[in-house]
file entry_13.cif (mmCIF, C-alpha atoms)
data_protein
loop_
_atom_site.label_atom_id
_atom_site.label_comp_id
_atom_site.auth_asym_id
_atom_site.auth_seq_id
_atom_site.Cartn_x
_atom_site.Cartn_y
_atom_site.Cartn_z
CA MET A 18 -161.53 49.38 -39.07
CA SER A 19 -158.91 47.16 -40.74
CA LEU A 20 -160.69 43.83 -41.27
CA PRO A 21 -157.66 41.90 -42.64
CA SER A 22 -155.59 42.72 -39.54
CA ALA A 23 -158.46 41.57 -37.29
CA VAL A 24 -158.87 38.27 -39.19
CA PHE A 25 -155.09 37.74 -39.18
CA TYR A 26 -154.99 38.17 -35.41
CA GLY A 27 -157.97 35.87 -34.88
CA VAL A 28 -156.40 33.02 -36.87
CA CYS A 29 -153.01 33.39 -35.17
CA SER A 30 -154.52 33.64 -31.69
CA GLY A 31 -156.76 30.61 -32.17
CA SER A 32 -153.93 28.47 -33.49
CA LEU A 33 -151.40 29.36 -30.78
CA ALA A 34 -153.57 28.13 -27.91
CA PHE A 35 -153.44 24.60 -29.34
CA ILE A 36 -149.74 24.85 -30.25
CA ASN A 37 -148.84 25.91 -26.70
CA LYS A 38 -151.09 23.22 -25.26
CA LEU A 39 -149.23 20.67 -27.40
CA ALA A 40 -145.89 21.69 -25.90
CA VAL A 41 -147.26 21.75 -22.35
CA SER A 42 -149.49 18.66 -22.36
CA THR A 43 -147.76 16.31 -24.77
CA TYR A 44 -144.14 17.09 -23.94
CA GLU A 45 -144.61 18.35 -20.33
CA PHE A 46 -142.64 21.53 -21.07
CA ARG A 47 -143.83 23.68 -18.15
CA TYR A 48 -141.34 26.52 -18.37
CA PRO A 49 -143.29 29.56 -19.63
CA ALA A 50 -140.67 32.20 -18.77
CA PHE A 51 -137.93 30.44 -20.75
CA LEU A 52 -140.30 29.90 -23.66
CA LEU A 53 -141.08 33.63 -23.71
CA PHE A 54 -137.40 34.52 -23.29
CA ALA A 55 -136.54 32.50 -26.40
CA GLN A 56 -139.52 34.00 -28.23
CA MET A 57 -138.39 37.58 -27.50
CA ILE A 58 -134.84 36.86 -28.73
CA PHE A 59 -136.19 35.19 -31.87
CA THR A 60 -138.56 38.10 -32.58
CA ALA A 61 -135.90 40.79 -32.10
CA ALA A 62 -133.42 38.85 -34.27
CA ILE A 63 -135.95 38.40 -37.11
CA LEU A 64 -136.84 42.10 -37.08
CA ARG A 65 -133.16 43.13 -37.06
CA PHE A 66 -132.59 40.85 -40.06
CA LEU A 67 -135.57 42.37 -41.90
CA LYS A 68 -134.19 45.83 -41.17
CA ALA A 69 -130.74 44.83 -42.47
CA ILE A 70 -132.20 43.76 -45.83
CA GLY A 71 -134.35 46.88 -46.03
CA ARG A 72 -137.75 45.26 -45.54
CA VAL A 73 -138.78 47.19 -42.41
CA LYS A 74 -137.79 50.39 -40.63
CA LEU A 75 -137.02 50.23 -36.93
CA PRO A 76 -136.36 53.09 -34.51
CA ASP A 77 -132.95 53.54 -32.93
CA LEU A 78 -133.06 51.74 -29.62
CA THR A 79 -132.26 54.51 -27.14
CA PHE A 80 -133.01 54.75 -23.44
CA GLU A 81 -135.84 57.16 -24.20
CA THR A 82 -137.41 54.77 -26.71
CA ALA A 83 -137.17 51.85 -24.32
CA ARG A 84 -138.62 53.95 -21.49
CA THR A 85 -141.58 54.97 -23.67
CA CYS A 86 -142.63 51.33 -24.06
CA ALA A 87 -141.54 50.20 -20.60
CA VAL A 88 -145.01 50.09 -19.04
CA PRO A 89 -146.72 47.97 -21.75
CA SER A 90 -143.65 45.71 -21.85
CA VAL A 91 -143.90 44.96 -18.14
CA PHE A 92 -147.62 44.24 -18.42
CA TYR A 93 -146.98 42.07 -21.50
CA ALA A 94 -144.41 40.04 -19.56
CA PHE A 95 -146.92 39.50 -16.74
CA HIS A 96 -149.72 38.59 -19.16
CA ALA A 97 -147.73 36.13 -21.24
CA THR A 98 -146.18 34.34 -18.26
CA PHE A 99 -149.40 33.99 -16.29
CA ALA A 100 -151.40 33.02 -19.42
CA LEU A 101 -149.05 30.12 -20.21
CA THR A 102 -149.05 29.06 -16.56
CA ALA A 103 -152.86 29.06 -16.50
CA LEU A 104 -153.05 27.15 -19.80
CA SER A 105 -150.87 24.37 -18.39
CA ASP A 106 -153.53 23.48 -15.78
CA LEU A 107 -156.74 24.59 -17.51
CA ASN A 108 -158.52 22.88 -20.37
CA ILE A 109 -158.91 25.06 -23.47
CA PRO A 110 -162.69 25.67 -23.11
CA MET A 111 -162.30 27.00 -19.54
CA TYR A 112 -159.22 28.98 -20.57
CA ASN A 113 -161.29 30.62 -23.30
CA VAL A 114 -164.11 31.38 -20.86
CA LEU A 115 -161.65 33.31 -18.70
CA LYS A 116 -160.12 35.09 -21.70
CA ARG A 117 -163.55 36.39 -22.73
CA CYS A 118 -163.46 38.65 -19.67
CA VAL A 119 -160.74 40.81 -21.30
CA PRO A 120 -163.37 43.22 -22.80
CA LEU A 121 -164.52 43.99 -19.25
CA VAL A 122 -161.02 45.17 -18.37
CA ASN A 123 -160.63 47.05 -21.67
CA LEU A 124 -163.96 48.79 -21.10
CA PHE A 125 -162.86 50.04 -17.68
CA LEU A 126 -159.37 51.03 -18.82
CA ALA A 127 -160.63 52.85 -21.91
CA ALA A 128 -162.75 55.03 -19.65
CA CYS A 129 -159.92 55.65 -17.18
CA LEU A 130 -156.81 55.90 -19.37
CA LEU A 131 -158.17 56.93 -22.76
CA LYS A 132 -160.99 59.14 -21.40
CA GLU A 133 -163.63 57.52 -23.61
CA GLY A 134 -166.45 58.12 -21.12
CA ARG A 135 -169.05 55.80 -19.64
CA PRO A 136 -170.13 52.77 -21.72
CA GLN A 137 -173.66 52.30 -23.07
CA TRP A 138 -176.05 50.21 -21.01
CA ARG A 139 -176.10 47.53 -23.73
CA VAL A 140 -172.33 47.20 -23.61
CA ALA A 141 -172.39 46.98 -19.81
CA ALA A 142 -175.14 44.32 -19.98
CA ALA A 143 -173.21 42.24 -22.53
CA VAL A 144 -170.03 42.41 -20.45
CA THR A 145 -172.06 41.38 -17.39
CA LEU A 146 -173.28 38.29 -19.27
CA ILE A 147 -169.71 37.42 -20.27
CA THR A 148 -168.46 37.70 -16.69
CA SER A 149 -171.47 35.87 -15.22
CA GLY A 150 -170.94 32.97 -17.61
CA CYS A 151 -167.32 32.75 -16.55
CA ILE A 152 -168.27 32.55 -12.87
CA ILE A 153 -171.01 29.94 -13.48
CA ALA A 154 -168.69 27.74 -15.56
CA GLY A 155 -165.97 28.04 -12.92
CA PHE A 156 -168.29 26.59 -10.26
CA GLY A 157 -169.03 23.65 -12.54
CA ASP A 158 -165.39 22.88 -13.40
CA LEU A 159 -164.64 19.47 -11.85
CA ASP A 160 -160.91 20.01 -12.45
CA PHE A 161 -160.98 23.39 -10.68
CA SER A 162 -157.50 24.69 -9.84
CA LEU A 163 -157.38 27.86 -7.75
CA GLN A 164 -153.82 28.58 -8.86
CA ALA A 165 -154.72 28.26 -12.55
CA TYR A 166 -157.75 30.54 -12.18
CA LEU A 167 -155.75 33.15 -10.24
CA CYS A 168 -153.07 33.08 -12.95
CA GLY A 169 -155.81 33.51 -15.54
CA VAL A 170 -157.25 36.54 -13.73
CA VAL A 171 -153.83 38.21 -13.45
CA SER A 172 -153.27 37.47 -17.13
CA ILE A 173 -156.60 39.10 -18.06
CA PHE A 174 -155.87 42.33 -16.20
CA SER A 175 -152.31 42.46 -17.55
CA GLN A 176 -153.52 41.92 -21.12
CA GLY A 177 -156.11 44.66 -20.77
CA LEU A 178 -153.46 47.06 -19.48
CA TYR A 179 -150.85 46.41 -22.14
CA LEU A 180 -153.38 46.46 -25.02
CA THR A 181 -154.69 49.81 -23.81
CA TYR A 182 -151.18 51.21 -23.51
CA VAL A 183 -150.26 49.89 -26.97
CA GLN A 184 -153.32 51.65 -28.39
CA LYS A 185 -152.24 54.80 -26.55
CA LEU A 186 -148.74 54.56 -28.05
CA GLY A 187 -150.21 54.15 -31.52
CA ILE A 188 -152.32 57.27 -31.00
CA GLU A 189 -149.81 59.52 -29.23
CA ARG A 190 -146.46 58.37 -30.68
CA GLU A 191 -147.68 56.99 -34.03
CA PHE A 192 -145.63 53.81 -33.62
CA THR A 193 -146.25 51.10 -36.21
CA ALA A 194 -146.96 47.49 -35.23
CA HIS A 195 -143.48 46.17 -35.98
CA GLU A 196 -141.86 49.10 -34.14
CA VAL A 197 -143.88 48.35 -31.00
CA LEU A 198 -143.16 44.63 -31.44
CA TYR A 199 -139.40 45.24 -31.69
CA ILE A 200 -139.17 47.62 -28.72
CA ASN A 201 -141.38 45.34 -26.61
CA SER A 202 -139.24 42.30 -27.45
CA VAL A 203 -135.98 44.01 -26.52
CA ASN A 204 -137.50 45.41 -23.31
CA CYS A 205 -138.75 41.99 -22.24
CA ILE A 206 -135.48 40.09 -22.80
CA PRO A 207 -133.78 41.32 -19.58
CA LEU A 208 -137.03 40.85 -17.61
CA PHE A 209 -137.37 37.20 -18.58
CA LEU A 210 -133.62 36.59 -18.24
CA LEU A 211 -133.69 37.93 -14.69
CA TYR A 212 -136.65 35.73 -13.79
CA ILE A 213 -135.32 32.46 -15.23
CA THR A 214 -131.96 33.10 -13.54
CA LEU A 215 -133.31 33.93 -10.08
CA SER A 216 -135.87 31.10 -10.19
CA SER A 217 -133.27 28.60 -11.52
CA GLU A 218 -135.66 27.79 -14.36
CA ILE A 219 -132.77 28.04 -16.82
CA VAL A 220 -130.99 25.14 -15.08
CA THR A 221 -134.13 23.01 -15.12
CA VAL A 222 -134.66 23.76 -18.81
CA TYR A 223 -131.05 22.78 -19.57
CA ASN A 224 -131.63 19.40 -17.89
CA TYR A 225 -134.92 19.00 -19.78
CA PHE A 226 -133.25 19.52 -23.15
CA GLN A 227 -130.66 16.88 -22.25
CA LEU A 228 -133.39 14.26 -21.88
CA CYS A 229 -136.17 15.40 -24.24
CA GLN A 230 -137.28 13.62 -27.38
CA PRO A 231 -135.54 14.80 -30.59
CA GLU A 232 -138.80 15.90 -32.24
CA PHE A 233 -139.41 18.36 -29.40
CA TYR A 234 -136.77 20.69 -30.88
CA ALA A 235 -138.98 21.10 -33.95
CA VAL A 236 -142.04 21.69 -31.74
CA PHE A 237 -140.12 24.27 -29.69
CA LEU A 238 -139.13 26.16 -32.86
CA VAL A 239 -142.75 26.12 -34.08
CA VAL A 240 -143.98 27.45 -30.71
CA ILE A 241 -141.59 30.41 -30.56
CA SER A 242 -142.15 31.20 -34.26
CA ALA A 243 -145.92 31.11 -33.83
CA GLY A 244 -145.62 33.34 -30.76
CA CYS A 245 -143.64 35.86 -32.79
CA VAL A 246 -146.33 35.95 -35.50
CA LEU A 247 -149.10 36.21 -32.89
CA ASN A 248 -147.48 39.21 -31.21
CA TYR A 249 -147.11 40.98 -34.54
CA SER A 250 -150.74 40.29 -35.49
CA MET A 251 -151.93 41.48 -32.08
CA PHE A 252 -149.97 44.75 -32.18
CA LEU A 253 -151.04 45.26 -35.81
CA CYS A 254 -154.72 44.80 -34.94
CA THR A 255 -154.44 47.07 -31.89
CA THR A 256 -152.59 49.92 -33.64
CA LEU A 257 -154.77 49.83 -36.77
CA ASN A 258 -158.03 49.35 -34.85
CA SER A 259 -158.21 49.50 -31.05
CA ALA A 260 -157.65 47.47 -27.91
CA LEU A 261 -161.40 46.88 -27.82
CA THR A 262 -161.47 45.48 -31.37
CA THR A 263 -158.58 43.16 -30.50
CA SER A 264 -160.45 41.83 -27.48
CA ILE A 265 -163.65 41.38 -29.55
CA VAL A 266 -161.74 39.31 -32.11
CA GLY A 267 -160.47 37.24 -29.20
CA VAL A 268 -164.04 36.61 -28.08
CA ILE A 269 -165.13 35.43 -31.54
CA LYS A 270 -162.03 33.26 -31.88
CA SER A 271 -162.63 31.65 -28.52
CA ILE A 272 -166.08 30.37 -29.59
CA VAL A 273 -164.45 28.22 -32.29
CA THR A 274 -161.55 27.06 -30.12
CA THR A 275 -163.92 26.25 -27.24
CA ILE A 276 -165.84 23.81 -29.45
CA ILE A 277 -162.63 22.20 -30.71
CA GLY A 278 -161.14 22.16 -27.22
CA MET A 279 -164.09 20.15 -25.86
CA PHE A 280 -162.76 17.13 -27.80
CA THR A 281 -158.95 17.64 -27.87
CA PHE A 282 -156.12 17.27 -25.32
CA GLY A 283 -158.29 15.08 -23.09
CA GLY A 284 -161.35 17.25 -23.64
CA VAL A 285 -163.45 18.44 -20.74
CA GLN A 286 -166.06 16.62 -18.65
CA PRO A 287 -169.21 18.66 -19.25
CA THR A 288 -171.35 19.46 -16.24
CA LEU A 289 -174.63 21.35 -16.25
CA LEU A 290 -172.96 24.47 -14.82
CA ILE A 291 -170.14 24.34 -17.40
CA VAL A 292 -172.61 24.04 -20.27
CA ILE A 293 -174.78 26.88 -18.92
CA GLY A 294 -171.74 29.03 -18.12
CA ILE A 295 -170.14 28.59 -21.54
CA GLY A 296 -173.51 29.26 -23.19
CA VAL A 297 -174.10 32.49 -21.21
CA ASN A 298 -170.49 33.54 -21.73
CA THR A 299 -170.67 32.94 -25.49
CA MET A 300 -174.05 34.69 -25.80
CA GLY A 301 -172.62 37.74 -24.06
CA GLY A 302 -169.58 37.68 -26.33
CA VAL A 303 -171.68 37.52 -29.50
CA TRP A 304 -173.98 40.32 -28.27
CA TYR A 305 -170.99 42.46 -27.32
CA SER A 306 -169.37 41.96 -30.73
CA PHE A 307 -172.66 42.82 -32.49
CA ILE A 308 -172.98 46.07 -30.47
CA LYS A 309 -169.46 47.17 -31.35
CA TYR A 310 -170.07 46.28 -35.01
CA GLN A 311 -173.19 48.46 -35.03
CA GLU A 312 -171.21 51.32 -33.49
CA LYS A 313 -168.63 51.05 -36.26
CA LEU A 314 -171.35 51.19 -38.92
CA GLN A 315 -172.97 54.23 -37.28
CA LYS A 316 -169.65 56.08 -37.09
CA LYS A 317 -168.96 55.27 -40.73
CA ALA A 318 -172.42 56.47 -41.78
CA SER A 319 -171.98 59.76 -39.89
CA LEU A 320 -168.77 60.65 -41.72
CA PRO A 321 -169.16 63.24 -44.53
CA THR A 322 -169.01 61.74 -48.01
#
call {"tool": "encode", "arguments": {"input": "entry_13.cif", "output": "structure tokens"}}
result
Amino acid sequence: MSLPSAVFYGVCSGSLAFINKLAVSTYEFRYPAFLLFAQMIFTAAILRFLKAIGRVKLPDLTFETARTCAVPSVFYAFHATFALTALSDLNIPMYNVLKRCVPLVNLFLAACLLKEGRPQWRVAAAVTLITSGCIIAGFGDLDFSLQAYLCGVVSIFSQGLYLTYVQKLGIEREFTAHEVLYINSVNCIPLFLLYITLSSEIVTVYNYFQLCQPEFYAVFLVVISAGCVLNYSMFLCTTLNSALTTSIVGVIKSIVTTIIGMFTFGGVQPTLLIVIGIGVNTMGGVWYSFIKYQEKLQKKASLPT
């Protein structure tokens, strides 16, 4: 396990939730597809520049290369769009509660796609706690939005799918993190361009930029830059470790951001069900992380010295 890559991803992931919430809540920028479109262009351009100065190696972008990463790119596009849409209407604690259900999806997909077999009963029990806490907290959310929760659920399944496929690419094709990041960015550009054109979001964004406050341009640049760094850290953690490790880091990160989110961006009105749900959800997340940590230690101890 690469601990630095896991810590790097955790810090980036925790920070971006608040940065995105700043853009959405403070400046009312509710155009997730355009934001991701700009982020993909920025990411691809930065990587091409790094290649030009000899800092990184990138594969030749052929049809075959693009096709190889097509499936995770589509799932990434779904995940990112629906996640930002959900975040616009959910407070950060409830958003984190939903995100903690990603290990449930990864557990199922690892068994189906990576042929890792049935999970241990302890793992299944911990995942059950995580999911139960999410459901309990949802019933206690006074600002419940069905659309936001549905977007969150779609985002969870999409994230589980693309993380599993990224792990599969790292195993089968031996792609590095920045190679996957570059191919994914280029693949997603036409997808987001098609969406913002057909939905007329690009026209609405143009009108927004005509009227927005000058400081928003700096915020917009920070958001797309932070998104670029997050994607790199996520692909790095997944290729060096696993999709499961990446989701575990997300669970640990969400505990910290949940506490902070209770008191920022308007906070959240705590009800008994929300408190119980977040507590059960967090307990399941901590137990799950501890189980996976023990498994890593056992595997390490069983290796010949």
call {"tool": "closest_residue", "arguments": {"input": "entry_13.cif", "among": "A:Val140, A:Ile265, A:Leu20, A:Ala94", "to": "A:Gln56", "atoms": "all atoms listed in the file"}}
result
A:Ala94
call {"tool": "closest_residue", "arguments": {"input": "entry_13.cif", "among": "A:Asn298, A:Leu52, A:Ala141, A:His195", "to": "A:Lys68", "atoms": "all atoms listed in the file"}}
result
A:His195
call {"tool": "resolve_selection", "arguments": {"input": "entry_13.cif", "expression": "the PyMOL selection byres ((chain A and resi 217-226) around 12)", "output": "PDB file with C-alpha atoms, in the frame of the given file"}}
result
ATOM      1  CA  TYR A  44    -144.140  17.090 -23.940  1.00  0.00           C
ATOM      2  CA  GLU A  45    -144.610  18.350 -20.330  1.00  0.00           C
ATOM      3  CA  PHE A  46    -142.640  21.530 -21.070  1.00  0.00           C
ATOM      4  CA  ARG A  47    -143.830  23.680 -18.150  1.00  0.00           C
ATOM      5  CA  TYR A  48    -141.340  26.520 -18.370  1.00  0.00           C
ATOM      6  CA  PRO A  49    -143.290  29.560 -19.630  1.00  0.00           C
ATOM      7  CA  ALA A  50    -140.670  32.200 -18.770  1.00  0.00           C
ATOM      8  CA  PHE A  51    -137.930  30.440 -20.750  1.00  0.00           C
ATOM      9  CA  LEU A  52    -140.300  29.900 -23.660  1.00  0.00           C
ATOM     10  CA  PHE A  54    -137.400  34.520 -23.290  1.00  0.00           C
ATOM     11  CA  ALA A  55    -136.540  32.500 -26.400  1.00  0.00           C
ATOM     12  CA  PHE A 209    -137.370  37.200 -18.580  1.00  0.00           C
ATOM     13  CA  LEU A 210    -133.620  36.590 -18.240  1.00  0.00           C
ATOM     14  CA  LEU A 211    -133.690  37.930 -14.690  1.00  0.00           C
ATOM     15  CA  TYR A 212    -136.650  35.730 -13.790  1.00  0.00           C
ATOM     16  CA  ILE A 213    -135.320  32.460 -15.230  1.00  0.00           C
ATOM     17  CA  THR A 214    -131.960  33.100 -13.540  1.00  0.00           C
ATOM     18  CA  LEU A 215    -133.310  33.930 -10.080  1.00  0.00           C
ATOM     19  CA  SER A 216    -135.870  31.100 -10.190  1.00  0.00           C
ATOM     20  CA  GLN A 227    -130.660  16.880 -22.250  1.00  0.00           C
ATOM     21  CA  LEU A 228    -133.390  14.260 -21.880  1.00  0.00           C
ATOM     22  CA  CYS A 229    -136.170  15.400 -24.240  1.00  0.00           C
ATOM     23  CA  GLN A 230    -137.280  13.620 -27.380  1.00  0.00           C
ATOM     24  CA  PRO A 231    -135.540  14.800 -30.590  1.00  0.00           C
ATOM     25  CA  GLU A 232    -138.800  15.900 -32.240  1.00  0.00           C
ATOM     26  CA  PHE A 233    -139.410  18.360 -29.400  1.00  0.00           C
ATOM     27  CA  TYR A 234    -136.770  20.690 -30.880  1.00  0.00           C
ATOM     28  CA  PHE A 237    -140.120  24.270 -29.690  1.00  0.00           C
TER      29      PHE A 237
END
call {"tool": "closest_residue", "arguments": {"input": "entry_13.cif", "among": "A:Ala40, A:Val73, A:Leu64, A:Ala23", "to": "A:Met251", "atoms": "only C-alpha atoms"}}
result
A:Ala23
call {"tool": "residues_around", "arguments": {"input": "entry_13.cif", "residues": "A:Thr60", "least_positions_apart": "3", "cutoff": "9 Å", "atoms": "only C-alpha atoms", "output": "ChimeraX atom specification"}}
result
/A:55-57,63-65,198-199,202-203,241-242,244-246
call {"tool": "resolve_selection", "arguments": {"input": "entry_13.cif", "expression": "the PyMOL selection byres ((chain A and resi 266) around 9)", "output": "list in words"}}
result
Ala23, Val24, Tyr26, Gly27, Leu261, Thr262, Thr263, Ser264, Ile265, Gly267, Val268, Ile269, Lys270, Ser271 and Ser306 of chain A
call {"tool": "closest_atom_pairs", "arguments": {"input": "entry_13.cif", "of": "stretch 144-223 of chain A", "to": "stretch 106-118 of chain A", "cutoff": "12 Å", "atoms": "all atoms listed in the file", "output": "Markdown table"}}
result
| residue | atom | partner | partner_atom | distance |
| --- | --- | --- | --- | --- |
| A:Val144 | CA | A:Cys118 | CA | 7.6 |
| A:Thr145 | CA | A:Cys118 | CA | 9.3 |
| A:Leu146 | CA | A:Cys118 | CA | 9.8 |
| A:Ile147 | CA | A:Cys118 | CA | 6.4 |
| A:Thr148 | CA | A:Cys118 | CA | 5.9 |
| A:Ser149 | CA | A:Cys118 | CA | 9.6 |
| A:Gly150 | CA | A:Val114 | CA | 7.7 |
| A:Cys151 | CA | A:Val114 | CA | 5.5 |
| A:Ile152 | CA | A:Leu115 | CA | 8.9 |
| A:Ile153 | CA | A:Val114 | CA | 10.2 |
| A:Ala154 | CA | A:Met111 | CA | 7.6 |
| A:Gly155 | CA | A:Met111 | CA | 7.6 |
| A:Phe156 | CA | A:Met111 | CA | 11.1 |
| A:Gly157 | CA | A:Met111 | CA | 10.3 |
| A:Asp158 | CA | A:Met111 | CA | 8.0 |
| A:Leu159 | CA | A:Leu107 | CA | 11.0 |
| A:Asp160 | CA | A:Leu107 | CA | 8.0 |
| A:Phe161 | CA | A:Leu107 | CA | 8.1 |
| A:Ser162 | CA | A:Asp106 | CA | 7.2 |
| A:Leu163 | CA | A:Asp106 | CA | 9.9 |
| A:Gln164 | CA | A:Asp106 | CA | 8.6 |
| A:Ala165 | CA | A:Asp106 | CA | 5.9 |
| A:Tyr166 | CA | A:Leu107 | CA | 8.1 |
| A:Leu167 | CA | A:Leu115 | CA | 10.3 |
| A:Cys168 | CA | A:Asp106 | CA | 10.0 |
| A:Gly169 | CA | A:Leu115 | CA | 6.6 |
| A:Val170 | CA | A:Leu115 | CA | 7.4 |
| A:Val171 | CA | A:Leu115 | CA | 10.6 |
| A:Ser172 | CA | A:Lys116 | CA | 8.6 |
| A:Ile173 | CA | A:Lys116 | CA | 6.5 |
| A:Phe174 | CA | A:Cys118 | CA | 9.1 |
| A:Ser175 | CA | A:Lys116 | CA | 11.5 |
| A:Gln176 | CA | A:Lys116 | CA | 9.5 |
| A:Gly177 | CA | A:Cys118 | CA | 9.6 |
call {"tool": "atom_distance", "arguments": {"input": "entry_13.cif", "atom1": "atom CA of A:Tyr182", "atom2": "atom CA of A:Pro89"}}
result
5.8 Å
call {"tool": "closest_residue", "arguments": {"input": "entry_13.cif", "among": "A:Leu101, A:Leu33, A:Ile293, A:Ile200", "to": "A:Cys86", "atoms": "all atoms listed in the file"}}
result
A:Ile200
call {"tool": "residues_near_point", "arguments": {"input": "entry_13.cif", "point": "(-150.7, 22.0, -28.2)", "cutoff": "10 Å", "atoms": "all atoms listed in the file", "output": "list in words"}}
result
Ser32, Leu33, Ala34, Phe35, Ile36, Asn37, Lys38, Leu39, Ala40, Val41, Ser42, Thr43, Tyr44, Ile109, Val236, Val240, Thr281 and Phe282 of chain A
call {"tool": "resolve_selection", "arguments": {"input": "entry_13.cif", "expression": "the PyMOL selection byres ((chain A and resi 78) around 10)", "output": "number ranges by chain"}}
result
A: 75-77, 79-83, 199-200, 203-204
